Amino acid sequence: MKNIYFFRHPTCSHNKLNYWCGQTDVDITFNQCENDLKNALEQIKNLKIDIIYTSPLKRAKILANYISENKKCCIVIDQRLIERNFGQLESKVTTLQDKITLADWKLNTNIYGVEKIQDMYEKRIFPFMNDITKSKEQNILIISHAWVYRLIKYFFNKDEKDLIHSAKNCQLYKFNF
C-alpha cells in the first residue's frame, strides 16, 4: 500500500487578510510561519517519508525545505502542484459567493479569468497523481495549496462535494493507494 500525505502550505499574509493567493508568489519567512513549521514536523515525526513533491511557490517550498532538512529526504519541485490561477481575483479580498461559484464542478467557470476546475484537474492534477501512484516510493509527501488538495481528494473519491472543503494550513491529510 502506498501512503500519500498532504500538507497545505503555512499560513501566509494573504491567508490572514482573506485574499485570493492563487499563483501570486507571496513572500514568507521562517519567522512568520515558525509555529506552523514546527507543528507540521510534529505531525509527521513518526512517519517515514521517502520523497517530497512540492509546488514551486515560496509558501510551499519553505515547508518542504524545513521537512526535508529534518527528515533527510529529497524534494521534487513540480509545476503541476502550483495553486489554481485566480486571474483578476488574485490579491483581492475573497467573497463567499465567489468561493461557491468557483467550486462548482458542473459550472466549470472561468469568470474573472480564473483557471477552470476541470482544466486544472485534467491537465495537472490527474497526470501528477497517475505519475506518483506508479512511482517506486511508498511514502510520499505532497506540499501544495488548497485547490490542489481539493482535486487530489476528488482523484480518490470522485465526489464533487470534496471541492467545497479546503485543507487547513499545515494540517496533515493522508490518502492510501
# chains A, B, ... in the order shown; residues from 1 in each chain; ligands from 1

$ residues_around --residues "range 105-114 of chain A" --least-positions-apart "3" --cutoff "10 Å" --atoms "only C-alpha atoms" --output "JSON, numbers by chain"
{"A": [22, 84, 85, 86, 87, 88, 89, 90, 98, 101, 102, 117, 118, 119, 159, 160, 161, 163, 164]}

$ select_by_dssp --residues "chain A" --states "strand (DSSP E or B)" --output "number ranges by chain"
A: 3-8, 19-20, 51-54, 74-77, 90, 93, 139-144, 169, 172-176

$ write_last_selection --atoms "N, CA, C and O atoms" --output "tab-separated table (two decimals), in the first residue's frame"
chain	number	residue	atom	x	y	z
A	3	ASN	N	1.32	5.19	0.80
A	3	ASN	CA	0.81	6.25	1.66
A	3	ASN	C	1.12	7.59	1.02
A	3	ASN	O	2.28	7.89	0.73
A	4	ILE	N	0.08	8.36	0.78
A	4	ILE	CA	0.25	9.70	0.22
A	4	ILE	C	-0.22	10.69	1.27
A	4	ILE	O	-1.39	10.69	1.66
A	5	TYR	N	0.72	11.51	1.73
A	5	TYR	CA	0.43	12.52	2.75
A	5	TYR	C	0.38	13.89	2.08
A	5	TYR	O	1.05	14.12	1.08
A	6	PHE	N	-0.41	14.76	2.65
A	6	PHE	CA	-0.56	16.10	2.07
A	6	PHE	C	-0.54	17.15	3.18
A	6	PHE	O	-1.20	17.00	4.19
A	7	PHE	N	0.23	18.20	2.93
A	7	PHE	CA	0.19	19.42	3.74
A	7	PHE	C	-0.14	20.59	2.83
A	7	PHE	O	0.45	20.71	1.74
A	8	ARG	N	-1.04	21.44	3.27
A	8	ARG	CA	-1.17	22.75	2.66
A	8	ARG	C	-0.09	23.62	3.28
A	8	ARG	O	0.27	23.46	4.45
A	19	TYR	N	-7.37	37.13	1.35
A	19	TYR	CA	-7.17	37.45	-0.07
A	19	TYR	C	-7.04	36.15	-0.86
A	19	TYR	O	-6.57	35.14	-0.34
A	20	TRP	N	-7.41	36.22	-2.13
A	20	TRP	CA	-7.11	35.13	-3.05
A	20	TRP	C	-5.60	35.14	-3.27
A	20	TRP	O	-5.04	36.13	-3.71
A	51	ILE	N	9.95	10.72	-0.17
A	51	ILE	CA	10.15	11.82	-1.10
A	51	ILE	C	9.10	12.90	-0.84
A	51	ILE	O	7.99	12.60	-0.38
A	52	ILE	N	9.46	14.15	-1.13
A	52	ILE	CA	8.54	15.28	-1.01
A	52	ILE	C	8.35	15.88	-2.40
A	52	ILE	O	9.33	16.19	-3.09
A	53	TYR	N	7.10	16.03	-2.79
A	53	TYR	CA	6.75	16.78	-4.00
A	53	TYR	C	6.14	18.10	-3.54
A	53	TYR	O	5.25	18.11	-2.68
A	54	THR	N	6.60	19.20	-4.13
A	54	THR	CA	6.11	20.50	-3.70
A	54	THR	C	5.83	21.42	-4.87
A	54	THR	O	6.41	21.29	-5.95
A	74	CYS	N	14.60	13.81	-0.16
A	74	CYS	CA	14.75	14.75	-1.27
A	74	CYS	C	13.42	15.42	-1.62
A	74	CYS	O	12.34	14.93	-1.28
A	75	ILE	N	13.57	16.55	-2.30
A	75	ILE	CA	12.42	17.36	-2.72
A	75	ILE	C	12.38	17.39	-4.24
A	75	ILE	O	13.40	17.59	-4.89
A	76	VAL	N	11.18	17.24	-4.78
A	76	VAL	CA	10.95	17.42	-6.21
A	76	VAL	C	9.97	18.58	-6.34
A	76	VAL	O	8.86	18.54	-5.80
A	77	ILE	N	10.40	19.63	-7.03
A	77	ILE	CA	9.51	20.77	-7.30
A	77	ILE	C	8.76	20.45	-8.59
A	77	ILE	O	9.37	20.19	-9.62
A	90	GLU	N	-6.76	37.50	-8.00
A	90	GLU	CA	-5.54	37.33	-7.20
A	90	GLU	C	-5.20	38.61	-6.44
A	90	GLU	O	-5.27	39.71	-6.99
A	93	VAL	N	-9.71	40.63	-1.96
A	93	VAL	CA	-10.46	40.01	-0.87
A	93	VAL	C	-11.42	38.97	-1.44
A	93	VAL	O	-12.09	39.22	-2.46
A	139	ASN	N	6.02	6.14	0.49
A	139	ASN	CA	5.60	7.15	1.46
A	139	ASN	C	5.89	8.52	0.89
A	139	ASN	O	7.02	9.02	0.96
A	140	ILE	N	4.87	9.11	0.31
A	140	ILE	CA	5.02	10.33	-0.47
A	140	ILE	C	4.34	11.48	0.27
A	140	ILE	O	3.19	11.37	0.70
A	141	LEU	N	5.06	12.59	0.37
A	141	LEU	CA	4.51	13.81	0.97
A	141	LEU	C	4.35	14.85	-0.12
A	141	LEU	O	5.31	15.15	-0.85
A	142	ILE	N	3.15	15.39	-0.23
A	142	ILE	CA	2.86	16.47	-1.18
A	142	ILE	C	2.63	17.74	-0.36
A	142	ILE	O	1.85	17.73	0.59
A	143	ILE	N	3.30	18.80	-0.75
A	143	ILE	CA	3.11	20.10	-0.09
A	143	ILE	C	2.66	21.08	-1.17
A	143	ILE	O	3.37	21.33	-2.15
A	144	SER	N	1.45	21.58	-0.98
A	144	SER	CA	0.87	22.40	-2.04
A	144	SER	C	-0.17	23.37	-1.48
A	144	SER	O	0.06	23.96	-0.44
A	169	ASN	N	-4.21	25.12	6.79
A	169	ASN	CA	-2.77	25.32	6.68
A	169	ASN	C	-2.03	24.41	7.65
A	169	ASN	O	-2.37	24.33	8.83
A	172	LEU	N	-2.01	17.85	8.50
A	172	LEU	CA	-1.66	16.65	7.74
A	172	LEU	C	-2.91	15.89	7.31
A	172	LEU	O	-3.83	15.68	8.11
A	173	TYR	N	-2.94	15.49	6.04
A	173	TYR	CA	-4.01	14.67	5.48
A	173	TYR	C	-3.36	13.44	4.86
A	173	TYR	O	-2.23	13.51	4.35
A	174	LYS	N	-4.07	12.32	4.91
A	174	LYS	CA	-3.49	11.06	4.40
A	174	LYS	C	-4.46	10.39	3.43
A	174	LYS	O	-5.67	10.35	3.67
A	175	PHE	N	-3.88	9.86	2.36
A	175	PHE	CA	-4.61	9.07	1.37
A	175	PHE	C	-3.86	7.77	1.20
A	175	PHE	O	-2.63	7.75	1.15
A	176	ASN	N	-4.57	6.67	1.08
A	176	ASN	CA	-3.94	5.38	0.82
A	176	ASN	C	-4.26	4.95	-0.60
A	176	ASN	O	-5.38	5.13	-1.07

$ residues_around --residues "range 130-134 of chain A" --least-positions-apart "4" --cutoff "9 Å" --atoms "only C-alpha atoms" --output "ChimeraX atom specification"
/A:2,4,125-126,138,140,177

$ write_last_selection --atoms "N, CA and C atoms" --output "compact mmCIF listing (two decimals), in the first residue's frame"
# COMPACT_ATOMS: atom_id res chain seq x y z
N LYS A 2 0.49 2.19 -0.79
CA LYS A 2 1.21 3.45 -0.91
C LYS A 2 0.53 4.49 0.00
N ILE A 4 0.08 8.36 0.78
CA ILE A 4 0.25 9.70 0.22
C ILE A 4 -0.22 10.69 1.27
N ILE A 125 -3.54 17.87 -12.21
CA ILE A 125 -3.65 17.01 -11.03
C ILE A 125 -3.79 15.54 -11.41
N PHE A 126 -4.65 15.22 -12.36
CA PHE A 126 -4.80 13.83 -12.76
C PHE A 126 -3.49 13.24 -13.28
N GLN A 138 6.98 4.58 -1.58
CA GLN A 138 5.77 4.14 -0.89
C GLN A 138 5.19 5.19 0.05
N ILE A 140 4.87 9.11 0.31
CA ILE A 140 5.02 10.33 -0.47
C ILE A 140 4.34 11.48 0.27
N PHE A 177 -3.26 4.38 -1.25
CA PHE A 177 -3.47 3.94 -2.62
C PHE A 177 -2.96 2.53 -2.76

$ residues_around --residues "Ser55 in chain A" --least-positions-apart "2" --cutoff "6 Å" --atoms "only C-alpha atoms" --output "ChimeraX atom specification"
/A:57,60,77-78,81-82,144

$ write_last_selection --atoms "C-alpha atoms" --output "PDB file, in the first residue's frame"
ATOM      1  CA  LEU A  57       5.678  28.782  -4.795  1.00  0.00           C
ATOM      2  CA  ALA A  60       5.010  25.678  -0.116  1.00  0.00           C
ATOM      3  CA  ILE A  77       9.514  20.770  -7.304  1.00  0.00           C
ATOM      4  CA  ASP A  78       6.621  20.049  -9.638  1.00  0.00           C
ATOM      5  CA  LEU A  81       1.288  21.457  -7.952  1.00  0.00           C
ATOM      6  CA  ILE A  82       1.067  25.231  -8.256  1.00  0.00           C
ATOM      7  CA  SER A 144       0.875  22.397  -2.044  1.00  0.00           C
TER       8      SER A 144
END

$ residues_around --residues "Asp25 in chain A" --least-positions-apart "6" --cutoff "9 Å" --atoms "only C-alpha atoms" --output "list in words"
Pro56, Leu57, Lys58 and Arg59 of chain A

$ write_last_selection --atoms "C-alpha atoms" --output "PDB file, in the first residue's frame"
ATOM      1  CA  PRO A  56       7.236  25.947  -6.818  1.00  0.00           C
ATOM      2  CA  LEU A  57       5.678  28.782  -4.795  1.00  0.00           C
ATOM      3  CA  LYS A  58       7.622  30.114  -1.786  1.00  0.00           C
ATOM      4  CA  ARG A  59       4.852  29.406   0.701  1.00  0.00           C
TER       5      ARG A  59
END

$ closest_residue --among "A:Gln23, A:Ser135, A:Ser166, A:Thr11" --to "Lys99 in chain A" --atoms "only C-alpha atoms"
A:Ser166

$ atom_distance --atom1 "CA of Thr95 in chain A" --atom2 "CA of Asp162 in chain A"
19.2 Å
